[in-house]
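S.K.: Dumping the structure here so I can ask a few things about it.
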Amino acid sequence: MAKWSSIVAIVSLTVFLMSVMAATVLPIHPYLKVEDTFISKLYDTSNYGFLQIDNGLARTPQMGWSTWNFFACNINETVIKETADALISTGLASLGYTYVNIDDCWSRSTRNLKGEMIPDPKTFPSGIKALADYVHSKGLKLGVYSDAGIFTCQVRPGSLFQEKNDAELWASWGVDYLKYDNCYNLGLPPQKRYPPMRDALNDTGRTIFYALCEWGIDDPAKWAGKIGNSWRTTDDINDTWISMTTIADINNKWASYAGPGGWNDPDMLEVGNGGMNYHEYKGHFSIWALMKAPLIIGCDVRNITADTLKILSNKEVIAVDQDPLGVQGRRVYASGPDGCQQVWAGPLSRNRLAMVLWNRCSNAATITVKWSAIGLEPSISVSMRDLWKHEVISENTVGSFSARVNAHGCEMYILTPRRATRSSV
Ligand SMILES: *[C@@H]1O[C@H](CO)[C@@H](O)[C@H](O)[C@H]1NC(C)=O
Ligand SMILES: *[C@@H]1O[C@H](CO)[C@@H](O)[C@H](O)[C@H]1NC(C)=O
Ligand SMILES: *[C@@H]1O[C@H](CO)[C@@H](O)[C@H](O)[C@H]1NC(C)=O
Ligand SMILES: *[C@@H]1O[C@H](CO)[C@@H](O)[C@H](O)[C@H]1NC(C)=O
């Protein structure tokens with residue numbers, strides 16, 4: 001038995017790897033006609049990067065919290081400790097939000113005489129190592145921030161040309177994650193500035209998540225898979241509907257490049273920061289999860305509201321983001337004025353599909369999706385689970401599905417085909 005299962009495992013791994021190298025769409029789903037050019041375009045995974053940077057991380061998108069979206073530069077060791085505590089007490093940590101990331105402004109504005117970065121003595125008097133120890137004692141991980149330029153965006157020391165020493169220092173403190181920004185870059189191409197830090201982090205021997213923040217300028221999806229575990233595809237998000245939707249659309253273009261080991265990053269979550277309403281934040285979170293985006297909370301977790309917690313702790317939506325197949329979902333259909341009634345979908349493990357009906361119109365609307373639009377044969381019968389109602393809403397939907405969706409709201413489902421009509425199953 002043991003022998004057979006290892007042979008099966010080797011054969012399926014080989015088939016999988018060959019398909020990654022050769023095909024334009026993974027043979028992931030018996031109900032999708034992968035030989036059909038429409039569907040292979042629909043769910044194109046031709047650049048799916050299975051563990052291109054082999055540091056053992058990012059098999060699913062990273063989850064955690066970062067200082068930037070709520071606190072910007074107004075940070076200190078107290079607020080970070082209190083947030084680590086709050087991630088535990090709210091239950092968010094146990095749902096997978098484990099990286100506690102300090103963004104810009106942790107470092108003093110000049111290096112010391114030895115050329116080392118030093119934590120700002122006013123705001124981080126105990127130092128980063130003490131903070132890492134604290135965060136680790138809670139079972140969480142600590143992230144820091146630097147820049148592939150001579151300064152960070154807030155004009156603290158950058159790490160360009162100092163990669164090796166900086167990486168060694170962070171590793172000696174017990175740092176687990178680096179966000180690496182793009183300010184003051186001397187006009188040097190990112191393909192030259194980002195790999196030295198990958199190598200420096202690797203040389204420390206400590207496992208450190210490497211998140212590139214190049215703002216999408218040089219189409220990082222095309223080259224960053226061999227360099228980092230995630231790469232920003234867009235300019236910074238801000239806490240508005242227009243920013244969030246614009247960013248979703250840009251990130252969507254790069255769907256075929258995401259996969260285990262390396263993810264498109266449409267920037268951190270604004271859920272809970274007050275600039276959007278409940279429906280808009282629910283759509284923000286649902287679409288980020290469907291797109292296999294990093295889920296990095298950006299609000300003040302110490303003072304989180306029940307509505308915000310309800311969104312961020314939706315286990316079923318998180319499970320779509322963290323699905324082991326790791327194929328980025330995408331916009332597959334749009335109708336209505338300016339295409340504001342949208343269907344976003346993507347394959348999941350165990351032959352399922354995730355689907356979001358996203359109403360970007362300013363009035364409530366009924367959105368209808370035909371099976372052909374999401375790549376299913378019309379005759380396939382589907383069981384539908386609503387991920388916001390937390391219930392199966394139909395055991396047997398065939399051909400199409402319709403739902404009423406709030407203005408700027410969304411509904412999200414997992415579709416499980418009930419029977420095969422094809423011999424390939
Ligand atoms: C630490 O930062 C928080 C958030 O900005 C602030 O409310 C608090 O007053 C700061 N504490 C100290 C000691 O500076
Ligand atoms: C360093 O890179 C090698 C080759 O990709 C990889 O096998 C190893 O796990 C990496 N080590 C760390 C600490 O990231
Ligand atoms: C927020 O983002 C939108 C869209 O990218 C942009 O037009 C706007 O200027 C930004 N607002 C701020 C305050 O940065
Ligand atoms: C906590 O959040 C409420 C709104 O939800 C806000 O009015 C209050 O100022 C916040 N408190 C702090 C300390 O940020």
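A note on labels: chains of the structure tokens are A, B, ... as shown, every chain counts residues from 1, and ligands are counted from 1 in their shown order.
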Show me which residues line ligand 1, defined as having an atom within 7 Å of a ligand atom where only C-alpha atoms and all ligand atoms count, and present them as a list in words.

M.R.: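 The neighbouring residues of ligand 1 are, in order, Phe71, Asn74, Ile75, Asn76, Thr78, Val79 and Thr123 of chain A.
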
S.K.: Would you mind exporting the chosen residues as a PDB file, in the first residue's frame, restricted to C-alpha atoms?

M.R.:
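So part.pdb came out as:
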ATOM      1  CA  PHE A  71      -0.828  54.661  11.997  1.00  0.00           C
ATOM      2  CA  ASN A  74       2.870  57.443  14.420  1.00  0.00           C
ATOM      3  CA  ILE A  75       4.222  54.188  15.781  1.00  0.00           C
ATOM      4  CA  ASN A  76       6.100  52.913  18.810  1.00  0.00           C
ATOM      5  CA  THR A  78       3.772  50.007  22.823  1.00  0.00           C
ATOM      6  CA  VAL A  79       1.280  50.119  19.990  1.00  0.00           C
ATOM      7  CA  THR A 123       9.763  55.291  19.899  1.00  0.00           C
TER       8      THR A 123
END

S.K.: Name the residues in contact with His284 of chain A at a cut-off of 9 Å, using only C-alpha atoms, excluding same-chain residues fewer than 6 positions from it; report them as a PyMOL selection string.

M.R.: chain A and resi 241+244-245+248+269-271

S.K.: Can I get the selection written as a CSV table (one decimal), in the first residue's frame, with N, CA and C atoms?

M.R.:
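Result file follows (result_26.csv):
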chain,number,residue,atom,x,y,z
A,241,TRP,N,-13.4,54.0,-2.0
A,241,TRP,CA,-14.0,53.0,-3.0
A,241,TRP,C,-13.2,53.1,-4.3
A,244,MET,N,-9.7,51.4,-4.1
A,244,MET,CA,-9.8,50.0,-3.9
A,244,MET,C,-10.2,49.3,-5.2
A,245,THR,N,-11.3,49.8,-5.9
A,245,THR,CA,-11.7,49.2,-7.1
A,245,THR,C,-10.7,49.3,-8.3
A,248,ALA,N,-8.0,46.8,-7.6
A,248,ALA,CA,-8.5,45.4,-7.9
A,248,ALA,C,-8.4,45.1,-9.4
A,269,LEU,N,-5.0,45.7,3.5
A,269,LEU,CA,-6.4,46.0,3.6
A,269,LEU,C,-6.7,47.3,4.3
A,270,GLU,N,-7.8,48.0,3.8
A,270,GLU,CA,-8.3,49.2,4.5
A,270,GLU,C,-9.5,48.9,5.3
A,271,VAL,N,-10.0,47.6,5.4
A,271,VAL,CA,-11.2,47.3,6.1
A,271,VAL,C,-11.1,47.8,7.5

S.K.: In Å, rounded to a single decimal, give me how far atom CA of Ala84 of chain A is from atom CA of Gly96 of chain A.

M.R.: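 Value for the atom CA of Gly96 of chain A-atom CA of Ala84 of chain A distance: 12.9 Å.
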
S.K.: Write out as a compact mmCIF listing (two decimals) with C-alpha atoms, in the first residue's frame all residues of segment 42-123 of chain A that backbone DSSP assigns to alpha helix (DSSP H).

M.R.:
# COMPACT_ATOMS: atom_id res chain seq x y z
CA LEU A 42 -10.43 32.45 -18.74
CA TRP A 68 0.98 51.71 7.81
CA ASN A 69 -2.65 52.10 6.73
CA PHE A 70 -3.87 53.31 10.13
CA PHE A 71 -0.83 54.66 12.00
CA GLU A 77 6.84 49.65 20.59
CA THR A 78 3.77 50.01 22.82
CA VAL A 79 1.28 50.12 19.99
CA ILE A 80 2.92 47.11 18.36
CA LYS A 81 2.85 45.05 21.54
CA GLU A 82 -0.76 46.03 22.18
CA THR A 83 -1.67 45.04 18.64
CA ALA A 84 0.03 41.66 19.03
CA ASP A 85 -2.06 41.18 22.19
CA ALA A 86 -5.21 42.26 20.34
CA LEU A 87 -4.57 39.87 17.47
CA ILE A 88 -4.62 37.09 20.07
CA SER A 89 -7.60 38.30 22.12

S.K.: Please determine, counting only C-alpha atoms, which residue among A:Gly346, A:Gly326, A:Pro119, A:Pro189 has the shortest atom-to-atom distance to Arg156 of chain A.

M.R.: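 Of A:Gly346, A:Gly326, A:Pro119, A:Pro189, the one nearest Arg156 of chain A, counting only C-alpha atoms, is A:Pro119.
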
S.K.: Taking the chain letters and numbering used in this document, name the residues of segment 34-262 of chain A that DSSP puts in strand (DSSP E), as a list in words.

M.R.: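 Residues of segment 34-262 of chain A classed as strand (DSSP E): Met63, Gly64, Trp65, Ser66, Tyr99, Val100, Asn101, Lys141, Leu142, Gly143, Val144, Tyr145, Ser146, Asp147, Tyr177, Leu178, Lys179, Tyr180, Asp181, Phe209, Tyr210, Ala211, Leu212, Ser230, Trp231 and Arg232 of chain A.
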
S.K.: Export, as a tab-separated table (two decimals), in the first residue's frame, the selected residues with N, CA and C atoms.

M.R.:
chain	number	residue	atom	x	y	z
A	63	MET	N	-0.53	36.33	5.72
A	63	MET	CA	-1.59	36.99	6.49
A	63	MET	C	-0.98	37.64	7.74
A	64	GLY	N	-1.53	38.80	8.10
A	64	GLY	CA	-1.03	39.46	9.29
A	64	GLY	C	-1.60	40.86	9.41
A	65	TRP	N	-0.80	41.73	9.97
A	65	TRP	CA	-1.19	43.13	10.22
A	65	TRP	C	0.00	44.02	9.94
A	66	SER	N	-0.24	45.23	9.51
A	66	SER	CA	0.85	46.19	9.34
A	66	SER	C	0.43	47.54	9.90
A	99	TYR	N	1.67	37.53	10.93
A	99	TYR	CA	2.78	38.48	10.80
A	99	TYR	C	2.38	39.83	11.39
A	100	VAL	N	3.23	40.35	12.28
A	100	VAL	CA	3.05	41.68	12.86
A	100	VAL	C	4.13	42.55	12.23
A	101	ASN	N	3.72	43.39	11.29
A	101	ASN	CA	4.71	44.08	10.45
A	101	ASN	C	4.83	45.56	10.78
A	141	LYS	N	4.81	36.38	14.43
A	141	LYS	CA	6.08	36.66	13.75
A	141	LYS	C	6.23	38.17	13.54
A	142	LEU	N	7.48	38.63	13.44
A	142	LEU	CA	7.71	40.08	13.33
A	142	LEU	C	8.26	40.46	11.96
A	143	GLY	N	7.70	41.53	11.39
A	143	GLY	CA	8.20	42.04	10.12
A	143	GLY	C	8.80	43.42	10.28
A	144	VAL	N	9.83	43.73	9.48
A	144	VAL	CA	10.32	45.10	9.39
A	144	VAL	C	10.25	45.56	7.94
A	145	TYR	N	10.69	46.78	7.74
A	145	TYR	CA	10.54	47.48	6.47
A	145	TYR	C	11.86	48.15	6.13
A	146	SER	N	12.23	48.09	4.85
A	146	SER	CA	13.32	48.93	4.37
A	146	SER	C	13.07	49.26	2.90
A	147	ASP	N	14.08	49.73	2.22
A	147	ASP	CA	13.86	50.31	0.90
A	147	ASP	C	15.04	49.99	-0.02
A	177	TYR	N	10.18	38.83	8.41
A	177	TYR	CA	9.48	39.34	7.21
A	177	TYR	C	10.10	40.68	6.86
A	178	LEU	N	10.29	40.92	5.57
A	178	LEU	CA	10.77	42.22	5.11
A	178	LEU	C	9.87	42.74	4.00
A	179	LYS	N	9.33	43.95	4.20
A	179	LYS	CA	8.70	44.68	3.11
A	179	LYS	C	9.76	45.63	2.58
A	180	TYR	N	9.98	45.60	1.25
A	180	TYR	CA	11.12	46.31	0.67
A	180	TYR	C	10.61	47.29	-0.37
A	181	ASP	N	10.68	48.57	-0.03
A	181	ASP	CA	10.02	49.65	-0.78
A	181	ASP	C	10.92	50.19	-1.91
A	209	PHE	N	10.46	36.09	5.09
A	209	PHE	CA	9.53	36.36	3.99
A	209	PHE	C	9.98	37.65	3.28
A	210	TYR	N	10.02	37.61	1.94
A	210	TYR	CA	10.52	38.76	1.18
A	210	TYR	C	9.39	39.33	0.32
A	211	ALA	N	8.87	40.49	0.75
A	211	ALA	CA	7.75	41.13	0.07
A	211	ALA	C	8.25	42.36	-0.70
A	212	LEU	N	8.23	42.27	-2.02
A	212	LEU	CA	8.69	43.38	-2.86
A	212	LEU	C	7.60	44.44	-2.97
A	230	SER	N	6.20	37.88	-2.73
A	230	SER	CA	5.05	38.63	-3.23
A	230	SER	C	5.59	39.93	-3.82
A	231	TRP	N	4.81	40.51	-4.68
A	231	TRP	CA	5.23	41.76	-5.31
A	231	TRP	C	4.00	42.64	-5.50
A	232	ARG	N	4.13	43.91	-5.05
A	232	ARG	CA	3.06	44.87	-5.26
A	232	ARG	C	2.85	45.07	-6.75

S.K.: Near Glu395 of chain A, within 7 Å and counting only C-alpha atoms, which residues show up once chain neighbours fewer than 6 positions away are dropped, as an mmCIF file with C-alpha atoms, in the first residue's frame?

M.R.:
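Written output follows (around.cif):
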data_model
loop_
_atom_site.group_PDB
_atom_site.id
_atom_site.type_symbol
_atom_site.label_atom_id
_atom_site.label_comp_id
_atom_site.auth_asym_id
_atom_site.auth_seq_id
_atom_site.Cartn_x
_atom_site.Cartn_y
_atom_site.Cartn_z
ATOM 1 C CA VAL A 382 -23.928 22.535 -8.681
ATOM 2 C CA SER A 383 -24.214 22.740 -4.920
ATOM 3 C CA MET A 384 -23.852 26.376 -3.841
#

S.K.: List as a ChimeraX atom specification the protein and nucleic acid residues near Val332 of chain A, meaning an atom at most 7 Å away when only C-alpha atoms are counted, but skip any in the same chain fewer than 4 places from it.

M.R.: /A:42,343-345,373-374

S.K.: Which residues, written as a PyMOL selection string, have at least one atom at most 9 Å from segment 350-362 of chain A, with only C-alpha atoms counted and residues fewer than 2 positions away on the same chain left out?

M.R.: chain A and resi 28-31+245+283+286-287+290+320+325+329+336-348+364-369+374+403+405-417

S.K.: Which is closer to ligand 4 than all the others in A:Gly261, A:Pro61, A:Gly216, A:Gly274, using only C-alpha atoms and all ligand atoms?

M.R.: A:Gly274

S.K.: Any residue with an atom at most 8 Å from ligand 3 counts, using only C-alpha atoms and all ligand atoms. Which are they? Put them as a PDB file with N, CA and C atoms, in the first residue's frame.

M.R.:
ATOM      1  N   ASP A 235       0.223  51.099  -7.248  1.00  0.00           N
ATOM      2  CA  ASP A 235       0.493  52.204  -6.342  1.00  0.00           C
ATOM      3  C   ASP A 235      -0.210  51.932  -4.992  1.00  0.00           C
ATOM      4  N   ASP A 236       0.106  52.748  -3.972  1.00  0.00           N
ATOM      5  CA  ASP A 236      -0.497  52.538  -2.649  1.00  0.00           C
ATOM      6  C   ASP A 236      -2.019  52.610  -2.686  1.00  0.00           C
ATOM      7  N   ILE A 237      -2.640  51.751  -1.895  1.00  0.00           N
ATOM      8  CA  ILE A 237      -4.089  51.832  -1.705  1.00  0.00           C
ATOM      9  C   ILE A 237      -4.385  53.008  -0.773  1.00  0.00           C
ATOM     10  N   ASN A 238      -5.580  53.598  -0.886  1.00  0.00           N
ATOM     11  CA  ASN A 238      -6.056  54.488   0.178  1.00  0.00           C
ATOM     12  C   ASN A 238      -7.487  54.095   0.507  1.00  0.00           C
ATOM     13  N   ASP A 239      -8.033  54.685   1.567  1.00  0.00           N
ATOM     14  CA  ASP A 239      -9.283  54.197   2.157  1.00  0.00           C
ATOM     15  C   ASP A 239     -10.509  54.748   1.432  1.00  0.00           C
ATOM     16  N   THR A 240     -10.547  54.556   0.096  1.00  0.00           N
ATOM     17  CA  THR A 240     -11.686  55.028  -0.694  1.00  0.00           C
ATOM     18  C   THR A 240     -12.131  53.928  -1.655  1.00  0.00           C
ATOM     19  N   ILE A 242     -12.911  54.316  -4.784  1.00  0.00           N
ATOM     20  CA  ILE A 242     -12.266  54.455  -6.092  1.00  0.00           C
ATOM     21  C   ILE A 242     -10.872  53.837  -6.083  1.00  0.00           C
ATOM     22  N   SER A 243     -10.136  54.047  -5.012  1.00  0.00           N
ATOM     23  CA  SER A 243      -8.797  53.465  -4.920  1.00  0.00           C
ATOM     24  C   SER A 243      -8.888  51.937  -4.896  1.00  0.00           C
ATOM     25  N   MET A 244      -9.747  51.412  -4.056  1.00  0.00           N
ATOM     26  CA  MET A 244      -9.842  49.961  -3.877  1.00  0.00           C
ATOM     27  C   MET A 244     -10.239  49.275  -5.196  1.00  0.00           C
ATOM     28  N   THR A 246     -10.013  50.478  -8.314  1.00  0.00           N
ATOM     29  CA  THR A 246      -8.976  50.686  -9.339  1.00  0.00           C
ATOM     30  C   THR A 246      -7.858  49.667  -9.163  1.00  0.00           C
ATOM     31  N   ILE A 247      -7.447  49.483  -7.918  1.00  0.00           N
ATOM     32  CA  ILE A 247      -6.368  48.554  -7.613  1.00  0.00           C
ATOM     33  C   ILE A 247      -6.765  47.112  -7.912  1.00  0.00           C
TER      34      ILE A 247
END

S.K.: Which residues sit within 7 Å of ligand 4, counting only C-alpha atoms and all ligand atoms, listed as JSON, numbers by chain?

M.R.: {"A": [303, 304, 305]}

S.K.: Residues within 9 Å of ligand 2 (only C-alpha atoms and all ligand atoms), as an MDAnalysis selection string?

M.R.: chainID A and resid 52:57 198:199 201:209

S.K.: What's the separation between atom CA of Leu131 of chain A and atom CA of Asp103 of chain A, in Å to one decimal place?

M.R.: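 Separation between atom CA of Leu131 of chain A and atom CA of Asp103 of chain A: 14.1 Å.
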
S.K.: Can you pull out the residues contacting Met117 of chain A? Cut-off 10 Å, using only C-alpha atoms, and skip same-chain residues under 6 positions away; I want them as a count of residues only.

M.R.: 14

S.K.: Taking only C-alpha atoms into account, which of A:Ile150, A:Ala167, A:Val317, A:Ala224 comes nearest Pro195 of chain A?

M.R.: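 Using only C-alpha atoms, the shortest distance to Pro195 of chain A belongs to A:Ala224.
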
S.K.: Interatomic distance between atom CA of Thr397 of chain A and atom CA of Ala334 of chain A?

M.R.: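 That distance, rounded to one decimal, is 20.9 Å.
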
S.K.: Let me make sure I understand: among A:Thr98, A:Ser400, A:Ser394, A:Thr90, which one has the smallest atom-to-atom distance to Gly375 of chain A if we use only C-alpha atoms?

M.R.: A:Ser400

S.K.: Looking at A:Leu160, A:Val301, A:Ala200, A:Ala130, which one is nearest to Cys183 of chain A, with distances taken over only C-alpha atoms?

M.R.: A:Leu160

S.K.: Compare A:Lys114, A:Lys129, A:Met268, A:Pro324 by their minimum atom-to-atom distance to Ile296 of chain A, counting only C-alpha atoms, and give me the closest one.

M.R.: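 Answer, going by the shortest atom-to-atom distance: A:Met268.
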